[in-house]
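**Q** Handing you a structure now.
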Amino acid sequence: MGSIHGQTLGLIGCGELGRMTARKAQVFGLRTVGFDPYLEKSLANEYNITIMSMEEVLKEADYISIHTLLNDETRHLIGEKEFSLMKPSAYVINTARGPIIDEAAMIKALQEKKIAGAGLDVFEKEPVDSDNPLLKMDNVITIPHTASYSDEAVKTAPVSAGKSAAAILSGHWPRNIINKDVKPKIPLKKGG
C-alpha cells in the first residue's frame, strides 16, 4: 500500500460519524464519496462528500468505510455482489456493526483477492470465534470495538445524557437520535 493522497474514500452511511470521517480523510488529501439515501444535499456539500449510488461508491472507492445503523434494511448490505463491484486494490473498513457485512462473502472476497484487505473492529458473530478465518488472514487487521471506552468518553457520557434529557424537557429533539422511528408524546422542535 502506497500513499493515500489523491485516492478515494467511499462512505457507506454519512451520518455524524461518516461526516467526521470524511473531514479527517480530506486532511490527508482523500477525495470523499458517499452513499446515504437519508443525507440532505446541503450536509453533503458542507462536508465535501460527493453523493453517489452505492454501486458507484463501491466501484470508485479505494477505501470503503461502513457507517450505517444495523437494521433489517442494512443487514448484509455488503455481500458477494457488492464485493464483486469493488476494485481488487480496495480495502473495506467496518467499525459500525458486524452483520452489515456478509462475513462469508467477505472471507471469500479476501481469499480470492477480489479486494486487497479489511480493517475490522466488529464481526457478524460476537464474541468472535477463535477459529474465524478473518483472525488469521495476513490482509486483515482486527482490533477490539472499544472507542466508547476511552477516558474522554467515560467523562462525557453522563454530560451527553444530561444534555439530551434537557433538550427533550425544553421541547427539542436531542442532538444524537439513535432510534429515528421514536414517536414523541409531545411535539418536539428540531435543533435542541
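Numbering starts fresh at 1 for the residues of each chain in the C-alpha cells, the chains themselves are lettered A, B, ... in the order given, and ligands are numbered from 1 as they appear.
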DSSP on the backbone: which residues in chain A end up as alpha helix (DSSP H)? Give the answer as a PyMOL selection string.
**A** chain A and resi 16-27+41-46+54-60+80-85+103-111+151-169
**Q** Could you list, as a list in words, every residue within 9 Å of Ala104 of chain A, counting only C-alpha atoms and ignoring same-chain residues fewer than 5 positions away?
**A**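 The residues satisfying every condition are Gly79, Glu80 and Ala109 of chain A.
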**Q** Which residue gives the smallest distance to Ile143 of chain A among A:Lys108, A:Ala157, A:Lys113, A:Thr95, with only C-alpha atoms counted?
**A** A:Thr95
**Q** Find the residues near Ser89 of chain A: any atom within 10 Å, counting only C-alpha atoms, skip ones fewer than 6 places away on the same chain, and give them as a PyMOL selection string.
**A** chain A and resi 1+61-63+113-117
**Q** Which residues come within 12 Å of Ile177 of chain A, counting only C-alpha atoms, excluding same-chain residues fewer than 5 positions away, as a list in words?
**A**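 What passes the distance filter is Gly15, Glu16, Leu69, Ser160, Ala161, Ser164, Ala165, Ala167, Ile168, His172, Val182, Lys183, Lys190, Gly191 and Gly192 of chain A.
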**Q** Given the selection you just returned, output its residues as a file containing N, CA and C atoms, formatted as a PDB file, in the first residue's frame.
**A**
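Output file selection-v3.pdb is given in full below:
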ATOM      1  N   GLY A  15     -23.901   9.647   8.226  1.00  0.00           N
ATOM      2  CA  GLY A  15     -24.390  10.297   9.432  1.00  0.00           C
ATOM      3  C   GLY A  15     -23.244  11.051  10.096  1.00  0.00           C
ATOM      4  N   GLU A  16     -23.409  11.372  11.341  1.00  0.00           N
ATOM      5  CA  GLU A  16     -22.392  12.184  12.026  1.00  0.00           C
ATOM      6  C   GLU A  16     -21.003  11.540  11.993  1.00  0.00           C
ATOM      7  N   LEU A  69     -26.359   2.269  10.551  1.00  0.00           N
ATOM      8  CA  LEU A  69     -27.001   1.552  11.645  1.00  0.00           C
ATOM      9  C   LEU A  69     -27.226   0.111  11.193  1.00  0.00           C
ATOM     10  N   SER A 160     -23.471  14.077  28.099  1.00  0.00           N
ATOM     11  CA  SER A 160     -24.276  13.930  26.888  1.00  0.00           C
ATOM     12  C   SER A 160     -25.692  13.480  27.214  1.00  0.00           C
ATOM     13  N   ALA A 161     -25.818  12.530  28.134  1.00  0.00           N
ATOM     14  CA  ALA A 161     -27.146  12.057  28.534  1.00  0.00           C
ATOM     15  C   ALA A 161     -27.940  13.188  29.178  1.00  0.00           C
ATOM     16  N   SER A 164     -29.151  15.628  26.498  1.00  0.00           N
ATOM     17  CA  SER A 164     -30.274  15.057  25.744  1.00  0.00           C
ATOM     18  C   SER A 164     -31.565  15.171  26.547  1.00  0.00           C
ATOM     19  N   ALA A 165     -31.501  14.853  27.823  1.00  0.00           N
ATOM     20  CA  ALA A 165     -32.688  14.965  28.681  1.00  0.00           C
ATOM     21  C   ALA A 165     -33.146  16.421  28.762  1.00  0.00           C
ATOM     22  N   ALA A 167     -32.713  18.788  26.559  1.00  0.00           N
ATOM     23  CA  ALA A 167     -33.292  19.172  25.266  1.00  0.00           C
ATOM     24  C   ALA A 167     -34.740  18.716  25.180  1.00  0.00           C
ATOM     25  N   ILE A 168     -34.999  17.467  25.532  1.00  0.00           N
ATOM     26  CA  ILE A 168     -36.363  16.945  25.472  1.00  0.00           C
ATOM     27  C   ILE A 168     -37.274  17.712  26.430  1.00  0.00           C
ATOM     28  N   HIS A 172     -37.301  20.153  22.628  1.00  0.00           N
ATOM     29  CA  HIS A 172     -36.476  19.973  21.440  1.00  0.00           C
ATOM     30  C   HIS A 172     -36.018  18.521  21.310  1.00  0.00           C
ATOM     31  N   VAL A 182     -38.729   6.738  16.757  1.00  0.00           N
ATOM     32  CA  VAL A 182     -39.394   7.118  18.001  1.00  0.00           C
ATOM     33  C   VAL A 182     -40.441   8.180  17.717  1.00  0.00           C
ATOM     34  N   LYS A 183     -41.596   8.022  18.307  1.00  0.00           N
ATOM     35  CA  LYS A 183     -42.687   8.998  18.154  1.00  0.00           C
ATOM     36  C   LYS A 183     -42.870   9.688  19.506  1.00  0.00           C
ATOM     37  N   LYS A 190     -36.884  20.743  16.092  1.00  0.00           N
ATOM     38  CA  LYS A 190     -35.510  20.373  15.722  1.00  0.00           C
ATOM     39  C   LYS A 190     -34.536  21.379  16.312  1.00  0.00           C
ATOM     40  N   GLY A 191     -33.286  20.933  16.475  1.00  0.00           N
ATOM     41  CA  GLY A 191     -32.232  21.842  16.917  1.00  0.00           C
ATOM     42  C   GLY A 191     -32.216  22.066  18.412  1.00  0.00           C
ATOM     43  N   GLY A 192     -32.174  20.988  19.181  1.00  0.00           N
ATOM     44  CA  GLY A 192     -32.229  21.077  20.644  1.00  0.00           C
ATOM     45  C   GLY A 192     -30.967  21.211  21.288  1.00  0.00           C
TER      46      GLY A 192
END
**Q** Would you mind listing, for every residue of segment 63-96 of chain A within 12 Å of segment 22-31 of chain A, the two atoms forming the shortest contact and the distance between them in Å to one decimal, using only C-alpha atoms, sorted by chain and ascending residue number, as a Markdown table?
**A**
| residue | atom | partner | partner_atom | distance |
| --- | --- | --- | --- | --- |
| A:Tyr63 | CA | A:Leu30 | CA | 9.7 |
| A:Ile64 | CA | A:Ala22 | CA | 11.4 |
| A:Ser65 | CA | A:Ala22 | CA | 9.8 |
| A:Ile66 | CA | A:Ala22 | CA | 11.8 |
| A:His67 | CA | A:Ala22 | CA | 11.1 |
**Q** Going by DSSP on the backbone, which bits of chain A are strand (DSSP E)? Write them as a list in words, please.
**A**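 Assigned to strand (DSSP E), within chain A: Thr8, Leu9, Gly10, Leu11, Ile12, Arg31, Thr32, Val33, Gly34, Phe35, Thr50, Ile51, Tyr63, Ile64, Ser65, Ile66, Tyr91, Val92, Ile93, Asn94, Gly117, Ala118, Gly119, Leu120, Val140, Ile141 and Thr142 of chain A.
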**Q** Generate a file of the selected residues that holds N, CA, C and O atoms, formatted as a CSV table (one decimal), in the first residue's frame.
**A**
chain,number,residue,atom,x,y,z
A,8,THR,N,-9.5,7.7,-3.2
A,8,THR,CA,-10.9,7.9,-2.9
A,8,THR,C,-11.4,7.1,-1.7
A,8,THR,O,-11.2,5.9,-1.7
A,9,LEU,N,-12.0,7.8,-0.7
A,9,LEU,CA,-12.7,7.1,0.4
A,9,LEU,C,-14.2,7.1,0.1
A,9,LEU,O,-14.8,8.1,-0.2
A,10,GLY,N,-14.7,5.9,0.2
A,10,GLY,CA,-16.2,5.7,0.0
A,10,GLY,C,-16.8,5.5,1.3
A,10,GLY,O,-16.5,4.5,2.0
A,11,LEU,N,-17.8,6.3,1.6
A,11,LEU,CA,-18.5,6.1,2.9
A,11,LEU,C,-19.9,5.5,2.6
A,11,LEU,O,-20.6,5.9,1.7
A,12,ILE,N,-20.2,4.4,3.3
A,12,ILE,CA,-21.5,3.8,3.3
A,12,ILE,C,-22.2,4.2,4.6
A,12,ILE,O,-21.9,3.7,5.6
A,31,ARG,N,-10.2,12.1,-1.6
A,31,ARG,CA,-11.5,12.6,-2.2
A,31,ARG,C,-12.6,11.7,-1.5
A,31,ARG,O,-12.3,10.5,-1.2
A,32,THR,N,-13.7,12.3,-1.1
A,32,THR,CA,-14.7,11.5,-0.4
A,32,THR,C,-16.0,11.5,-1.2
A,32,THR,O,-16.5,12.5,-1.6
A,33,VAL,N,-16.5,10.2,-1.3
A,33,VAL,CA,-17.7,10.0,-2.0
A,33,VAL,C,-18.6,9.2,-1.0
A,33,VAL,O,-18.0,8.5,-0.1
A,34,GLY,N,-19.9,9.3,-1.1
A,34,GLY,CA,-20.7,8.6,-0.1
A,34,GLY,C,-22.0,8.1,-0.7
A,34,GLY,O,-22.6,8.7,-1.6
A,35,PHE,N,-22.6,7.1,0.0
A,35,PHE,CA,-23.9,6.6,-0.2
A,35,PHE,C,-24.7,6.8,1.1
A,35,PHE,O,-24.3,6.2,2.1
A,50,THR,N,-19.2,13.8,-2.2
A,50,THR,CA,-20.0,13.6,-3.4
A,50,THR,C,-20.9,12.4,-3.2
A,50,THR,O,-20.4,11.3,-3.0
A,51,ILE,N,-22.2,12.7,-3.2
A,51,ILE,CA,-23.2,11.6,-3.0
A,51,ILE,C,-23.4,10.8,-4.4
A,51,ILE,O,-23.5,11.4,-5.4
A,63,TYR,N,-10.9,2.9,-0.6
A,63,TYR,CA,-11.2,2.5,0.8
A,63,TYR,C,-12.7,2.7,1.0
A,63,TYR,O,-13.2,3.7,0.7
A,64,ILE,N,-13.3,1.7,1.5
A,64,ILE,CA,-14.8,1.7,1.8
A,64,ILE,C,-15.0,1.6,3.3
A,64,ILE,O,-14.6,0.6,3.9
A,65,SER,N,-15.6,2.7,3.9
A,65,SER,CA,-15.7,2.7,5.3
A,65,SER,C,-17.2,2.7,5.6
A,65,SER,O,-18.0,3.5,5.1
A,66,ILE,N,-17.6,1.7,6.5
A,66,ILE,CA,-19.0,1.5,6.8
A,66,ILE,C,-19.4,2.3,8.0
A,66,ILE,O,-18.8,2.2,9.1
A,91,TYR,N,-9.8,-1.6,0.1
A,91,TYR,CA,-9.8,-2.0,1.5
A,91,TYR,C,-11.2,-1.7,2.1
A,91,TYR,O,-11.7,-0.6,1.8
A,92,VAL,N,-11.7,-2.6,2.8
A,92,VAL,CA,-13.0,-2.4,3.5
A,92,VAL,C,-12.8,-2.2,5.0
A,92,VAL,O,-12.0,-3.0,5.6
A,93,ILE,N,-13.4,-1.1,5.5
A,93,ILE,CA,-13.2,-0.8,6.9
A,93,ILE,C,-14.6,-0.8,7.6
A,93,ILE,O,-15.5,-0.1,7.1
A,94,ASN,N,-14.8,-1.7,8.6
A,94,ASN,CA,-16.1,-1.7,9.3
A,94,ASN,C,-15.9,-1.6,10.8
A,94,ASN,O,-15.4,-2.4,11.4
A,117,GLY,N,-7.9,-6.0,1.2
A,117,GLY,CA,-7.8,-6.2,2.6
A,117,GLY,C,-9.0,-5.6,3.4
A,117,GLY,O,-9.9,-5.0,2.8
A,118,ALA,N,-9.0,-5.8,4.7
A,118,ALA,CA,-10.1,-5.3,5.5
A,118,ALA,C,-9.5,-4.9,6.9
A,118,ALA,O,-8.5,-5.4,7.4
A,119,GLY,N,-10.2,-3.9,7.5
A,119,GLY,CA,-9.9,-3.4,8.8
A,119,GLY,C,-11.2,-3.5,9.6
A,119,GLY,O,-12.2,-2.9,9.2
A,120,LEU,N,-11.2,-4.3,10.7
A,120,LEU,CA,-12.4,-4.6,11.4
A,120,LEU,C,-12.3,-4.4,12.9
A,120,LEU,O,-11.3,-4.8,13.4
A,140,VAL,N,-5.9,-8.8,6.8
A,140,VAL,CA,-7.0,-8.3,7.6
A,140,VAL,C,-6.4,-7.8,8.9
A,140,VAL,O,-5.5,-8.5,9.5
A,141,ILE,N,-6.8,-6.6,9.3
A,141,ILE,CA,-6.4,-6.1,10.7
A,141,ILE,C,-7.6,-6.1,11.5
A,141,ILE,O,-8.7,-5.5,11.1
A,142,THR,N,-7.6,-6.6,12.7
A,142,THR,CA,-8.7,-6.6,13.6
A,142,THR,C,-8.3,-6.0,15.0
A,142,THR,O,-7.1,-6.2,15.4
**Q** Quick one, how far is atom CA of Pro144 of chain A from atom CA of Asp121 of chain A?
**A**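 Atom-to-atom, atom CA of Pro144 of chain A to atom CA of Asp121 of chain A, that is 5.2 Å.
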**Q** Report as a ChimeraX atom specification all protein, DNA and RNA residues lying within 10 Å of Leu77 of chain A, evaluated on only C-alpha atoms, omitting residues in the same chain fewer than 2 positions from it.
**A** /A:12,54,68,70-75,79-82,99-102
**Q** Output all heavy atoms of each residue in that selection to a file, as a compact mmCIF listing (two decimals), in the first residue's frame.
**A**
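Now in again.txt:
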# COMPACT_ATOMS: atom_id res chain seq x y z
N ILE A 12 -20.18 4.41 3.31
CA ILE A 12 -21.50 3.79 3.26
C ILE A 12 -22.18 4.21 4.56
O ILE A 12 -21.91 3.68 5.61
CB ILE A 12 -21.41 2.25 3.14
CG1 ILE A 12 -20.55 1.84 1.95
CG2 ILE A 12 -22.81 1.65 3.07
CD1 ILE A 12 -21.06 2.28 0.59
N MET A 54 -24.85 3.45 -4.24
CA MET A 54 -23.93 2.54 -3.56
C MET A 54 -23.04 1.83 -4.58
O MET A 54 -21.84 1.67 -4.35
CB MET A 54 -24.66 1.52 -2.70
CG MET A 54 -23.69 0.72 -1.85
SD MET A 54 -24.41 -0.10 -0.44
CE MET A 54 -25.06 -1.54 -1.24
N THR A 68 -23.18 2.75 8.87
CA THR A 68 -24.64 2.70 8.95
C THR A 68 -25.10 2.04 10.24
O THR A 68 -24.34 1.34 10.90
CB THR A 68 -25.23 1.88 7.77
OG1 THR A 68 -24.81 0.53 7.90
CG2 THR A 68 -24.79 2.42 6.44
N LEU A 70 -27.40 -0.78 12.14
CA LEU A 70 -27.79 -2.14 11.81
C LEU A 70 -29.28 -2.27 12.00
O LEU A 70 -29.81 -2.03 13.10
CB LEU A 70 -27.05 -3.15 12.69
CG LEU A 70 -27.48 -4.61 12.50
CD1 LEU A 70 -27.20 -5.08 11.06
CD2 LEU A 70 -26.80 -5.51 13.50
N ASN A 71 -29.99 -2.58 10.93
CA ASN A 71 -31.42 -2.86 10.99
C ASN A 71 -31.75 -3.83 9.86
O ASN A 71 -30.85 -4.31 9.17
CB ASN A 71 -32.24 -1.56 10.92
CG ASN A 71 -31.96 -0.74 9.68
OD1 ASN A 71 -31.65 -1.26 8.62
ND2 ASN A 71 -32.06 0.58 9.81
N ASP A 72 -33.03 -4.10 9.66
CA ASP A 72 -33.41 -5.05 8.60
C ASP A 72 -32.96 -4.58 7.23
O ASP A 72 -32.62 -5.39 6.37
CB ASP A 72 -34.93 -5.27 8.60
CG ASP A 72 -35.39 -6.03 9.82
OD1 ASP A 72 -34.57 -6.73 10.46
OD2 ASP A 72 -36.60 -5.94 10.16
N GLU A 73 -32.93 -3.28 7.02
CA GLU A 73 -32.54 -2.70 5.73
C GLU A 73 -31.04 -2.83 5.47
O GLU A 73 -30.61 -2.94 4.32
CB GLU A 73 -32.95 -1.22 5.72
CG GLU A 73 -32.74 -0.50 4.44
CD GLU A 73 -33.16 0.97 4.53
OE1 GLU A 73 -33.75 1.40 5.56
OE2 GLU A 73 -32.89 1.69 3.57
N THR A 74 -30.23 -2.82 6.52
CA THR A 74 -28.77 -2.82 6.34
C THR A 74 -28.10 -4.15 6.65
O THR A 74 -26.91 -4.29 6.40
CB THR A 74 -28.12 -1.72 7.21
OG1 THR A 74 -28.38 -2.00 8.60
CG2 THR A 74 -28.64 -0.34 6.83
N ARG A 75 -28.83 -5.12 7.19
CA ARG A 75 -28.23 -6.44 7.47
C ARG A 75 -27.77 -7.05 6.15
O ARG A 75 -28.53 -7.15 5.20
CB ARG A 75 -29.23 -7.35 8.16
CG ARG A 75 -28.65 -8.70 8.57
CD ARG A 75 -29.64 -9.50 9.38
NE ARG A 75 -30.05 -8.80 10.58
CZ ARG A 75 -29.36 -8.77 11.73
NH1 ARG A 75 -28.23 -9.42 11.82
NH2 ARG A 75 -29.82 -8.10 12.77
N GLY A 79 -22.48 -7.69 0.44
CA GLY A 79 -22.38 -9.13 0.24
C GLY A 79 -21.57 -9.45 -1.01
O GLY A 79 -20.81 -8.62 -1.52
N GLU A 80 -21.76 -10.63 -1.52
CA GLU A 80 -20.97 -11.11 -2.66
C GLU A 80 -21.07 -10.17 -3.86
O GLU A 80 -20.06 -9.83 -4.48
CB GLU A 80 -21.42 -12.52 -3.04
CG GLU A 80 -20.44 -13.22 -3.94
CD GLU A 80 -20.70 -14.72 -4.03
OE1 GLU A 80 -21.35 -15.29 -3.15
OE2 GLU A 80 -20.20 -15.29 -5.02
N LYS A 81 -22.28 -9.73 -4.19
CA LYS A 81 -22.46 -8.82 -5.33
C LYS A 81 -21.67 -7.53 -5.12
O LYS A 81 -20.98 -7.04 -6.03
CB LYS A 81 -23.95 -8.51 -5.51
CG LYS A 81 -24.23 -7.48 -6.58
CD LYS A 81 -25.71 -7.09 -6.59
CE LYS A 81 -25.88 -5.84 -7.43
NZ LYS A 81 -26.91 -4.96 -6.93
N GLU A 82 -21.75 -6.97 -3.92
CA GLU A 82 -21.06 -5.71 -3.63
C GLU A 82 -19.55 -5.88 -3.67
O GLU A 82 -18.83 -5.02 -4.19
CB GLU A 82 -21.53 -5.15 -2.28
CG GLU A 82 -22.96 -4.65 -2.28
CD GLU A 82 -24.03 -5.76 -2.33
OE1 GLU A 82 -23.74 -6.90 -1.91
OE2 GLU A 82 -25.14 -5.47 -2.80
N PRO A 99 -22.85 -7.46 11.36
CA PRO A 99 -23.79 -8.06 10.40
C PRO A 99 -24.15 -7.17 9.20
O PRO A 99 -24.87 -7.61 8.31
CB PRO A 99 -25.03 -8.35 11.25
CG PRO A 99 -24.52 -8.45 12.65
CD PRO A 99 -23.40 -7.45 12.72
N ILE A 100 -23.64 -5.96 9.13
CA ILE A 100 -23.85 -5.13 7.94
C ILE A 100 -23.14 -5.79 6.75
O ILE A 100 -23.58 -5.69 5.62
CB ILE A 100 -23.36 -3.69 8.17
CG1 ILE A 100 -24.24 -3.01 9.23
CG2 ILE A 100 -23.36 -2.89 6.86
CD1 ILE A 100 -23.68 -1.70 9.77
N ILE A 101 -22.05 -6.50 7.04
CA ILE A 101 -21.31 -7.23 6.01
C ILE A 101 -21.61 -8.72 6.13
O ILE A 101 -21.59 -9.27 7.23
CB ILE A 101 -19.79 -6.98 6.16
CG1 ILE A 101 -19.46 -5.52 5.89
CG2 ILE A 101 -19.00 -7.90 5.23
CD1 ILE A 101 -17.98 -5.17 6.04
N ASP A 102 -21.87 -9.35 5.01
CA ASP A 102 -22.00 -10.80 4.94
C ASP A 102 -20.57 -11.34 5.09
O ASP A 102 -19.77 -11.27 4.16
CB ASP A 102 -22.63 -11.21 3.61
CG ASP A 102 -22.74 -12.71 3.44
OD1 ASP A 102 -22.05 -13.48 4.15
OD2 ASP A 102 -23.50 -13.12 2.54
**Q** So the first atom is atom CA of Lys136 of chain A and the second is atom CA of Glu103 of chain A; what is the distance between them in Å, to one decimal place?
**A**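 About the pair atom CA of Lys136 of chain A and atom CA of Glu103 of chain A: they are 14.2 Å apart.
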**Q** Would you compute the distance between atom CA of Leu85 of chain A and atom CA of Leu110 of chain A? Give it in Å to one decimal.
**A**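 For atom CA of Leu85 of chain A relative to atom CA of Leu110 of chain A, the distance reads 13.5 Å.
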**Q** I'd like the neighbourhood of Leu39 of chain A as a list in words, where a residue qualifies if any of its atoms comes within 8 Å (using only C-alpha atoms), though same-chain residues fewer than 4 positions away should be ignored.
**A**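 Listed by chain and then number, they are Cys14, Gly15, Leu43 and Ala44 of chain A.
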